[in-house]
Structure formats: structure tokens, C-alpha cells
Amino acid sequence: MTNQRSFKARVRTRMAKTGESYTTARRHLLNRVAPPASTAPPPVPAPAPSPGSAAAQTERIAEDLIHARTGRGWADWFALLDAASATERTHTEIARHLVTEHEVPGWWAQTITVGYEQARGLRAPGQRRGGGFSASASRTVAVPALRLYEAFADETARARWLPDVDVRVRTTTAPRSFRADWSGGPTRIVVGFDAVGESKARVNVLHEKLTGAEQAAELKAYWRERLAALKTLLESNGDHR
């Protein structure tokens, strides 16, 4: 009986630390005490997304792309993070570890961290580690990163492809990032820009503080459509700066 009480206390301690459900926290602790079949713990498969739900990070970001941008594929990154006991770390600590120990660029460190947390059952697709939800979308456009940045930061340019939306700019760093409150709040957008060669750049939009999976799915579809419109505008003669 004493051992059972002690184990339940450990489960509740993990729940408070990670925000996991009782079942998820219990599963992780049981996996830790079970005899390992190999030196690395087996992946905990994320639940299959239901219709209209957000896709898992490993489905959104192809294996060849993550390898090209970071030097490793999903499985290799997951094995390295398992060896570093990343399931016991916060989201920020995992991302910082990737940046400092493996020299992964900031946005890609975040990408790997989210994929790892989903694969290990620490969050559902579309859900943030603390329990909130977010939506993300990205697009590669055949213009320099500064031009992509200006399409967000310049109010007149932004209205060409993002009409009828009020945003309150919080911080900007040309040509790397743009942060703003969305339509009066409480949601907000965090946008990053990465050069892809000399004449192409990639824009990554994260829409945060959403109310649930349904809103996350709606905004994900919205941003995919808007970024497609932005790409068409910037790559056509209709881009009048």
C-alpha cells in the first residue's frame, strides 16, 4: 500500500511539472521503471489526428527537409533527446539544449522540440506544452527574406494580402521576426523569416493562445490560404512596393 501511495504521489508531481493527464504521466513513469528492451526508450506514438484536427509535426515537416536543415532526421533527433532525458525538461530547456549543444538554428530547434513532445505524449498536435493551443503554417517564396519581412511589417504592404485584419505590432527585428496581437487579442502571431539561398526565403507563422483544437484547425487552414496569396502576390507583377 505504501509503495502504491508513493507511486501516485510521483505521478501527481509529474502532472504538476509537465501539465500531462494522470494517464499519460503514469504511463511515462511505468515505462521508466520497466526493463528497457534497448538503450533508448521506445517511442510513444501520438494519437492519430481526427478529421479537422492539427497534423503532427513529423507529418507536417518531411524527413528529408528536417535532415537537410538540421543534419539529422526525426528518429536521430528523438534518440539524442531521449539520451538527454528530455522528457524531464521543459519546452524551453529542450530547445535551448538543441541550440547550445547541437547548434540547431532557433526556429528548427523549436520545430524539433514540438515534434519530440508530440511523439513522447507530452502534448497533442496543435496543443502547446502548457495545455493551450496554437496553429502554424509556412511557405517558401522566391523573394529575399527582407521582402517577406516587409510584407508583414509594412502596414500598406500587409493590407494587400491580409485585408480586413487589425493587428497591433509588438516587436519586429528586420529581417528575422515579427510579433503582433491579432485583431485586438487575446491571440497573437509570431512570425519568423529564414533565407533559403540568395533569392528565396521561408516564412513561418505561429498563431498562439487559441481556445481549442477547432479554432487551431480553422486558423491553420486560414494561414495556409493567406500565405499562398502572399506567395502569389510577391512572385507576380502585382507586387507594387
# chains A, B, ... in the order shown; residues from 1 in each chain; ligands from 1

call {"tool": "residues_around", "arguments": {"residues": "range 229-233 of chain A", "least_positions_apart": "2", "cutoff": "12 Å", "atoms": "only C-alpha atoms", "output": "ChimeraX atom specification"}}
result
/A:138-143,147-152,157-163,200-203,222-227,235-241

call {"tool": "write_last_selection", "arguments": {"atoms": "C-alpha atoms", "output": "mmCIF file, in the first residue's frame"}}
result
data_model
loop_
_atom_site.group_PDB
_atom_site.id
_atom_site.type_symbol
_atom_site.label_atom_id
_atom_site.label_comp_id
_atom_site.auth_asym_id
_atom_site.auth_seq_id
_atom_site.Cartn_x
_atom_site.Cartn_y
_atom_site.Cartn_z
ATOM 1 C CA SER A 138 4.866 28.055 -43.516
ATOM 2 C CA ARG A 139 5.669 28.862 -47.115
ATOM 3 C CA THR A 140 8.791 29.277 -49.240
ATOM 4 C CA VAL A 141 8.637 32.310 -51.524
ATOM 5 C CA ALA A 142 11.000 33.293 -54.334
ATOM 6 C CA VAL A 143 11.954 36.658 -52.807
ATOM 7 C CA ARG A 147 10.899 41.412 -48.794
ATOM 8 C CA LEU A 148 8.946 38.764 -46.881
ATOM 9 C CA TYR A 149 9.524 40.638 -43.644
ATOM 10 C CA GLU A 150 8.301 43.901 -45.176
ATOM 11 C CA ALA A 151 5.097 42.182 -46.356
ATOM 12 C CA PHE A 152 4.246 41.759 -42.656
ATOM 13 C CA ALA A 157 2.032 46.008 -47.924
ATOM 14 C CA ARG A 158 0.294 43.805 -45.354
ATOM 15 C CA ALA A 159 -3.151 45.046 -46.385
ATOM 16 C CA ARG A 160 -2.550 43.760 -49.935
ATOM 17 C CA TRP A 161 -2.656 40.122 -48.880
ATOM 18 C CA LEU A 162 -4.080 40.268 -45.325
ATOM 19 C CA PRO A 163 -7.080 42.613 -45.699
ATOM 20 C CA LYS A 200 14.317 32.602 -51.743
ATOM 21 C CA ALA A 201 13.097 32.784 -48.163
ATOM 22 C CA ARG A 202 10.754 30.862 -45.894
ATOM 23 C CA VAL A 203 8.114 32.424 -43.669
ATOM 24 C CA TYR A 222 -6.648 30.262 -42.903
ATOM 25 C CA TRP A 223 -2.879 30.829 -42.735
ATOM 26 C CA ARG A 224 -2.199 28.289 -45.449
ATOM 27 C CA GLU A 225 -4.581 30.172 -47.737
ATOM 28 C CA ARG A 226 -3.195 33.611 -46.798
ATOM 29 C CA LEU A 227 0.433 32.573 -47.234
ATOM 30 C CA GLU A 235 6.141 36.369 -57.127
ATOM 31 C CA SER A 236 3.906 38.180 -59.621
ATOM 32 C CA ASN A 237 3.855 41.617 -61.225
ATOM 33 C CA GLY A 238 1.147 42.574 -58.758
ATOM 34 C CA ASP A 239 3.752 43.215 -56.064
ATOM 35 C CA HIS A 240 3.866 47.019 -56.168
ATOM 36 C CA ARG A 241 6.021 48.182 -53.303
#

call {"tool": "closest_residue", "arguments": {"among": "A:Thr211, A:Ser85, A:Thr172, A:Thr13", "to": "Pro186 in chain A", "atoms": "only C-alpha atoms"}}
result
A:Thr211

call {"tool": "residues_around", "arguments": {"residues": "range 105-108 of chain A", "least_positions_apart": "4", "cutoff": "10 Å", "atoms": "only C-alpha atoms", "output": "short mmCIF file (atom, residue, chain, number, x, y, z; two decimals) with all heavy atoms, in the first residue's frame"}}
result
data_model
loop_
_atom_site.label_atom_id
_atom_site.label_comp_id
_atom_site.auth_asym_id
_atom_site.auth_seq_id
_atom_site.Cartn_x
_atom_site.Cartn_y
_atom_site.Cartn_z
N ILE A 66 13.77 18.06 -42.68
CA ILE A 66 14.37 18.22 -41.36
C ILE A 66 15.84 17.80 -41.40
O ILE A 66 16.69 18.42 -40.75
CB ILE A 66 13.58 17.41 -40.29
CG1 ILE A 66 13.93 17.89 -38.88
CG2 ILE A 66 13.84 15.93 -40.37
CD1 ILE A 66 13.28 19.18 -38.50
N ARG A 69 17.91 20.63 -43.18
CA ARG A 69 18.05 21.88 -42.43
C ARG A 69 18.83 21.70 -41.13
O ARG A 69 19.39 22.66 -40.60
CB ARG A 69 16.67 22.46 -42.11
CG ARG A 69 15.91 22.91 -43.33
CD ARG A 69 16.54 24.15 -43.96
NE ARG A 69 15.74 24.64 -45.07
CZ ARG A 69 15.94 24.31 -46.33
NH1 ARG A 69 16.94 23.48 -46.64
NH2 ARG A 69 15.17 24.80 -47.29
N THR A 70 18.84 20.48 -40.58
CA THR A 70 19.44 20.29 -39.25
C THR A 70 20.55 19.24 -39.21
O THR A 70 21.23 19.12 -38.19
CB THR A 70 18.38 19.89 -38.22
OG1 THR A 70 17.89 18.57 -38.51
CG2 THR A 70 17.20 20.88 -38.23
N ALA A 95 14.62 23.11 -26.24
CA ALA A 95 15.03 23.93 -27.38
C ALA A 95 16.42 24.54 -27.15
O ALA A 95 17.25 24.57 -28.07
CB ALA A 95 14.00 25.03 -27.62
N ARG A 96 16.67 25.01 -25.93
CA ARG A 96 17.99 25.60 -25.63
C ARG A 96 19.09 24.55 -25.75
O ARG A 96 20.19 24.84 -26.22
CB ARG A 96 17.98 26.20 -24.23
CG ARG A 96 19.28 26.95 -23.89
CD ARG A 96 19.27 27.48 -22.47
NE ARG A 96 18.20 28.44 -22.29
CZ ARG A 96 17.24 28.34 -21.39
NH1 ARG A 96 17.20 27.28 -20.58
NH2 ARG A 96 16.32 29.27 -21.27
N LEU A 98 19.14 22.01 -27.78
CA LEU A 98 19.39 21.80 -29.20
C LEU A 98 20.24 22.92 -29.79
O LEU A 98 21.12 22.68 -30.62
CB LEU A 98 18.07 21.69 -29.96
CG LEU A 98 17.25 20.42 -29.68
CD1 LEU A 98 15.85 20.55 -30.26
CD2 LEU A 98 17.95 19.19 -30.26
N VAL A 99 19.98 24.14 -29.35
CA VAL A 99 20.73 25.29 -29.87
C VAL A 99 22.17 25.27 -29.37
O VAL A 99 23.13 25.43 -30.15
CB VAL A 99 20.05 26.61 -29.47
CG1 VAL A 99 20.93 27.81 -29.84
CG2 VAL A 99 18.70 26.74 -30.17
N THR A 100 22.34 25.08 -28.07
CA THR A 100 23.68 25.21 -27.48
C THR A 100 24.55 23.97 -27.67
O THR A 100 25.75 24.09 -27.91
CB THR A 100 23.57 25.52 -25.97
OG1 THR A 100 22.82 24.47 -25.32
CG2 THR A 100 22.86 26.85 -25.75
N ILE A 112 11.89 20.86 -33.84
CA ILE A 112 12.26 19.54 -33.33
C ILE A 112 11.67 19.30 -31.95
O ILE A 112 11.17 18.21 -31.64
CB ILE A 112 13.80 19.40 -33.29
CG1 ILE A 112 14.37 19.43 -34.71
CG2 ILE A 112 14.21 18.12 -32.58
CD1 ILE A 112 15.88 19.60 -34.75
N THR A 113 11.70 20.33 -31.12
CA THR A 113 11.17 20.20 -29.76
C THR A 113 9.69 19.85 -29.76
O THR A 113 9.23 18.96 -29.04
CB THR A 113 11.41 21.50 -28.96
OG1 THR A 113 12.81 21.77 -28.90
CG2 THR A 113 10.85 21.39 -27.56
N VAL A 114 8.93 20.55 -30.59
CA VAL A 114 7.49 20.27 -30.68
C VAL A 114 7.26 18.84 -31.19
O VAL A 114 6.42 18.10 -30.66
CB VAL A 114 6.79 21.28 -31.60
CG1 VAL A 114 5.34 20.87 -31.86
CG2 VAL A 114 6.82 22.68 -30.97
N GLY A 192 8.51 34.15 -38.20
CA GLY A 192 9.95 34.10 -38.42
C GLY A 192 10.26 34.00 -39.90
O GLY A 192 9.47 33.46 -40.69
N PHE A 193 11.41 34.52 -40.30
CA PHE A 193 11.82 34.53 -41.70
C PHE A 193 13.23 33.95 -41.81
O PHE A 193 14.13 34.35 -41.07
CB PHE A 193 11.80 35.96 -42.26
CG PHE A 193 10.51 36.69 -41.99
CD1 PHE A 193 10.37 37.48 -40.86
CD2 PHE A 193 9.43 36.57 -42.85
CE1 PHE A 193 9.19 38.15 -40.58
CE2 PHE A 193 8.23 37.23 -42.59
CZ PHE A 193 8.11 38.03 -41.45
N ASP A 194 13.41 33.01 -42.72
CA ASP A 194 14.70 32.36 -42.93
C ASP A 194 15.08 32.41 -44.40
O ASP A 194 14.26 32.06 -45.27
CB ASP A 194 14.67 30.90 -42.48
CG ASP A 194 14.45 30.76 -40.98
OD1 ASP A 194 15.27 31.30 -40.23
OD2 ASP A 194 13.47 30.11 -40.57
N ASN A 204 7.50 31.48 -41.52
CA ASN A 204 6.88 30.55 -40.59
C ASN A 204 5.98 31.33 -39.64
O ASN A 204 6.46 32.22 -38.91
CB ASN A 204 7.95 29.80 -39.79
CG ASN A 204 8.98 29.14 -40.67
OD1 ASN A 204 8.70 28.15 -41.32
ND2 ASN A 204 10.19 29.70 -40.71
#

call {"tool": "select_by_dssp", "arguments": {"residues": "range 83-127 of chain A", "states": "helix (DSSP H, G or I)", "output": "VMD selection string"}}
result
chain A and resid 83 86 to 88 91 to 102 106 to 119

call {"tool": "atom_distance", "arguments": {"atom1": "CA of Thr173 in chain A", "atom2": "CA of Ala135 in chain A"}}
result
21.9 Å

call {"tool": "atom_distance", "arguments": {"atom1": "CA of Val165 in chain A", "atom2": "CA of Trp182 in chain A"}}
result
7.8 Å

call {"tool": "atom_distance", "arguments": {"atom1": "CA of Ala137 in chain A", "atom2": "CA of Ile61 in chain A"}}
result
10.7 Å

call {"tool": "closest_residue", "arguments": {"among": "A:Ala84, A:Glu103, A:Glu59, A:Ala68", "to": "Ala119 in chain A", "atoms": "only C-alpha atoms"}}
result
A:Glu59

call {"tool": "closest_residue", "arguments": {"among": "A:Val104, A:Val167, A:Ala174, A:Ala216", "to": "Arg188 in chain A", "atoms": "only C-alpha atoms"}}
result
A:Val167

call {"tool": "decode", "arguments": {"residues": "range 150-162 of chain A", "atoms": "all heavy atoms", "output": "short mmCIF file (atom, residue, chain, number, x, y, z; two decimals), in the first residue's frame"}}
result
data_model
loop_
_atom_site.label_atom_id
_atom_site.label_comp_id
_atom_site.auth_asym_id
_atom_site.auth_seq_id
_atom_site.Cartn_x
_atom_site.Cartn_y
_atom_site.Cartn_z
N GLU A 150 9.01 42.65 -44.91
CA GLU A 150 8.30 43.90 -45.18
C GLU A 150 6.82 43.66 -45.48
O GLU A 150 5.98 44.51 -45.19
CB GLU A 150 8.96 44.63 -46.34
CG GLU A 150 10.34 45.20 -46.00
CD GLU A 150 11.07 45.73 -47.21
OE1 GLU A 150 10.64 45.40 -48.36
OE2 GLU A 150 12.06 46.46 -47.03
N ALA A 151 6.50 42.50 -46.06
CA ALA A 151 5.10 42.18 -46.36
C ALA A 151 4.26 42.08 -45.08
O ALA A 151 3.05 42.27 -45.11
CB ALA A 151 5.01 40.88 -47.15
N PHE A 152 4.92 41.78 -43.95
CA PHE A 152 4.25 41.76 -42.66
C PHE A 152 4.39 43.09 -41.93
O PHE A 152 3.42 43.61 -41.37
CB PHE A 152 4.84 40.65 -41.77
CG PHE A 152 4.32 39.28 -42.07
CD1 PHE A 152 4.84 38.54 -43.11
CD2 PHE A 152 3.31 38.72 -41.30
CE1 PHE A 152 4.37 37.26 -43.38
CE2 PHE A 152 2.83 37.45 -41.56
CZ PHE A 152 3.36 36.72 -42.61
N ALA A 153 5.58 43.65 -41.91
CA ALA A 153 5.88 44.81 -41.07
C ALA A 153 5.32 46.12 -41.63
O ALA A 153 4.96 47.01 -40.86
CB ALA A 153 7.39 44.93 -40.88
N ASP A 154 5.22 46.24 -42.96
CA ASP A 154 4.70 47.46 -43.56
C ASP A 154 3.17 47.36 -43.66
O ASP A 154 2.63 46.45 -44.28
CB ASP A 154 5.31 47.66 -44.95
CG ASP A 154 4.84 48.95 -45.60
OD1 ASP A 154 3.78 48.92 -46.27
OD2 ASP A 154 5.50 49.98 -45.42
N GLU A 155 2.47 48.30 -43.05
CA GLU A 155 1.01 48.22 -42.97
C GLU A 155 0.35 48.21 -44.34
O GLU A 155 -0.59 47.45 -44.59
CB GLU A 155 0.47 49.40 -42.15
CG GLU A 155 -1.02 49.34 -41.90
CD GLU A 155 -1.50 50.45 -40.98
OE1 GLU A 155 -0.66 51.22 -40.49
OE2 GLU A 155 -2.73 50.52 -40.75
N THR A 156 0.84 49.05 -45.27
CA THR A 156 0.26 49.10 -46.61
C THR A 156 0.49 47.80 -47.36
O THR A 156 -0.42 47.26 -48.01
CB THR A 156 0.86 50.28 -47.41
OG1 THR A 156 0.58 51.50 -46.71
CG2 THR A 156 0.26 50.34 -48.80
N ALA A 157 1.71 47.28 -47.26
CA ALA A 157 2.03 46.01 -47.92
C ALA A 157 1.22 44.87 -47.33
O ALA A 157 0.74 43.99 -48.05
CB ALA A 157 3.53 45.72 -47.80
N ARG A 158 1.05 44.88 -46.02
CA ARG A 158 0.29 43.81 -45.35
C ARG A 158 -1.16 43.78 -45.79
O ARG A 158 -1.77 42.72 -45.96
CB ARG A 158 0.40 44.00 -43.84
CG ARG A 158 -0.18 42.84 -43.04
CD ARG A 158 0.16 42.97 -41.54
NE ARG A 158 -0.41 44.16 -40.93
CZ ARG A 158 0.31 45.16 -40.40
NH1 ARG A 158 1.64 45.11 -40.43
NH2 ARG A 158 -0.29 46.19 -39.83
N ALA A 159 -1.74 44.96 -45.99
CA ALA A 159 -3.15 45.05 -46.39
C ALA A 159 -3.40 44.44 -47.77
O ALA A 159 -4.54 44.08 -48.09
CB ALA A 159 -3.61 46.50 -46.37
N ARG A 160 -2.37 44.32 -48.59
CA ARG A 160 -2.55 43.76 -49.93
C ARG A 160 -2.89 42.27 -49.91
O ARG A 160 -3.58 41.78 -50.80
CB ARG A 160 -1.28 43.97 -50.77
CG ARG A 160 -0.96 45.43 -51.07
CD ARG A 160 0.30 45.52 -51.92
NE ARG A 160 0.67 46.90 -52.18
CZ ARG A 160 0.14 47.66 -53.14
NH1 ARG A 160 -0.78 47.13 -53.93
NH2 ARG A 160 0.55 48.90 -53.30
N TRP A 161 -2.41 41.57 -48.91
CA TRP A 161 -2.66 40.12 -48.88
C TRP A 161 -3.35 39.67 -47.58
O TRP A 161 -3.80 38.54 -47.48
CB TRP A 161 -1.33 39.36 -49.04
CG TRP A 161 -0.37 39.60 -47.90
CD1 TRP A 161 0.50 40.64 -47.76
CD2 TRP A 161 -0.21 38.78 -46.75
NE1 TRP A 161 1.19 40.54 -46.58
CE2 TRP A 161 0.79 39.40 -45.95
CE3 TRP A 161 -0.79 37.60 -46.32
CZ2 TRP A 161 1.20 38.86 -44.74
CZ3 TRP A 161 -0.38 37.06 -45.11
CH2 TRP A 161 0.61 37.69 -44.34
N LEU A 162 -3.43 40.58 -46.59
CA LEU A 162 -4.08 40.27 -45.32
C LEU A 162 -5.10 41.37 -45.02
O LEU A 162 -4.95 42.11 -44.04
CB LEU A 162 -3.03 40.18 -44.21
CG LEU A 162 -3.42 39.42 -42.93
CD1 LEU A 162 -3.66 37.94 -43.23
CD2 LEU A 162 -2.33 39.57 -41.88
#
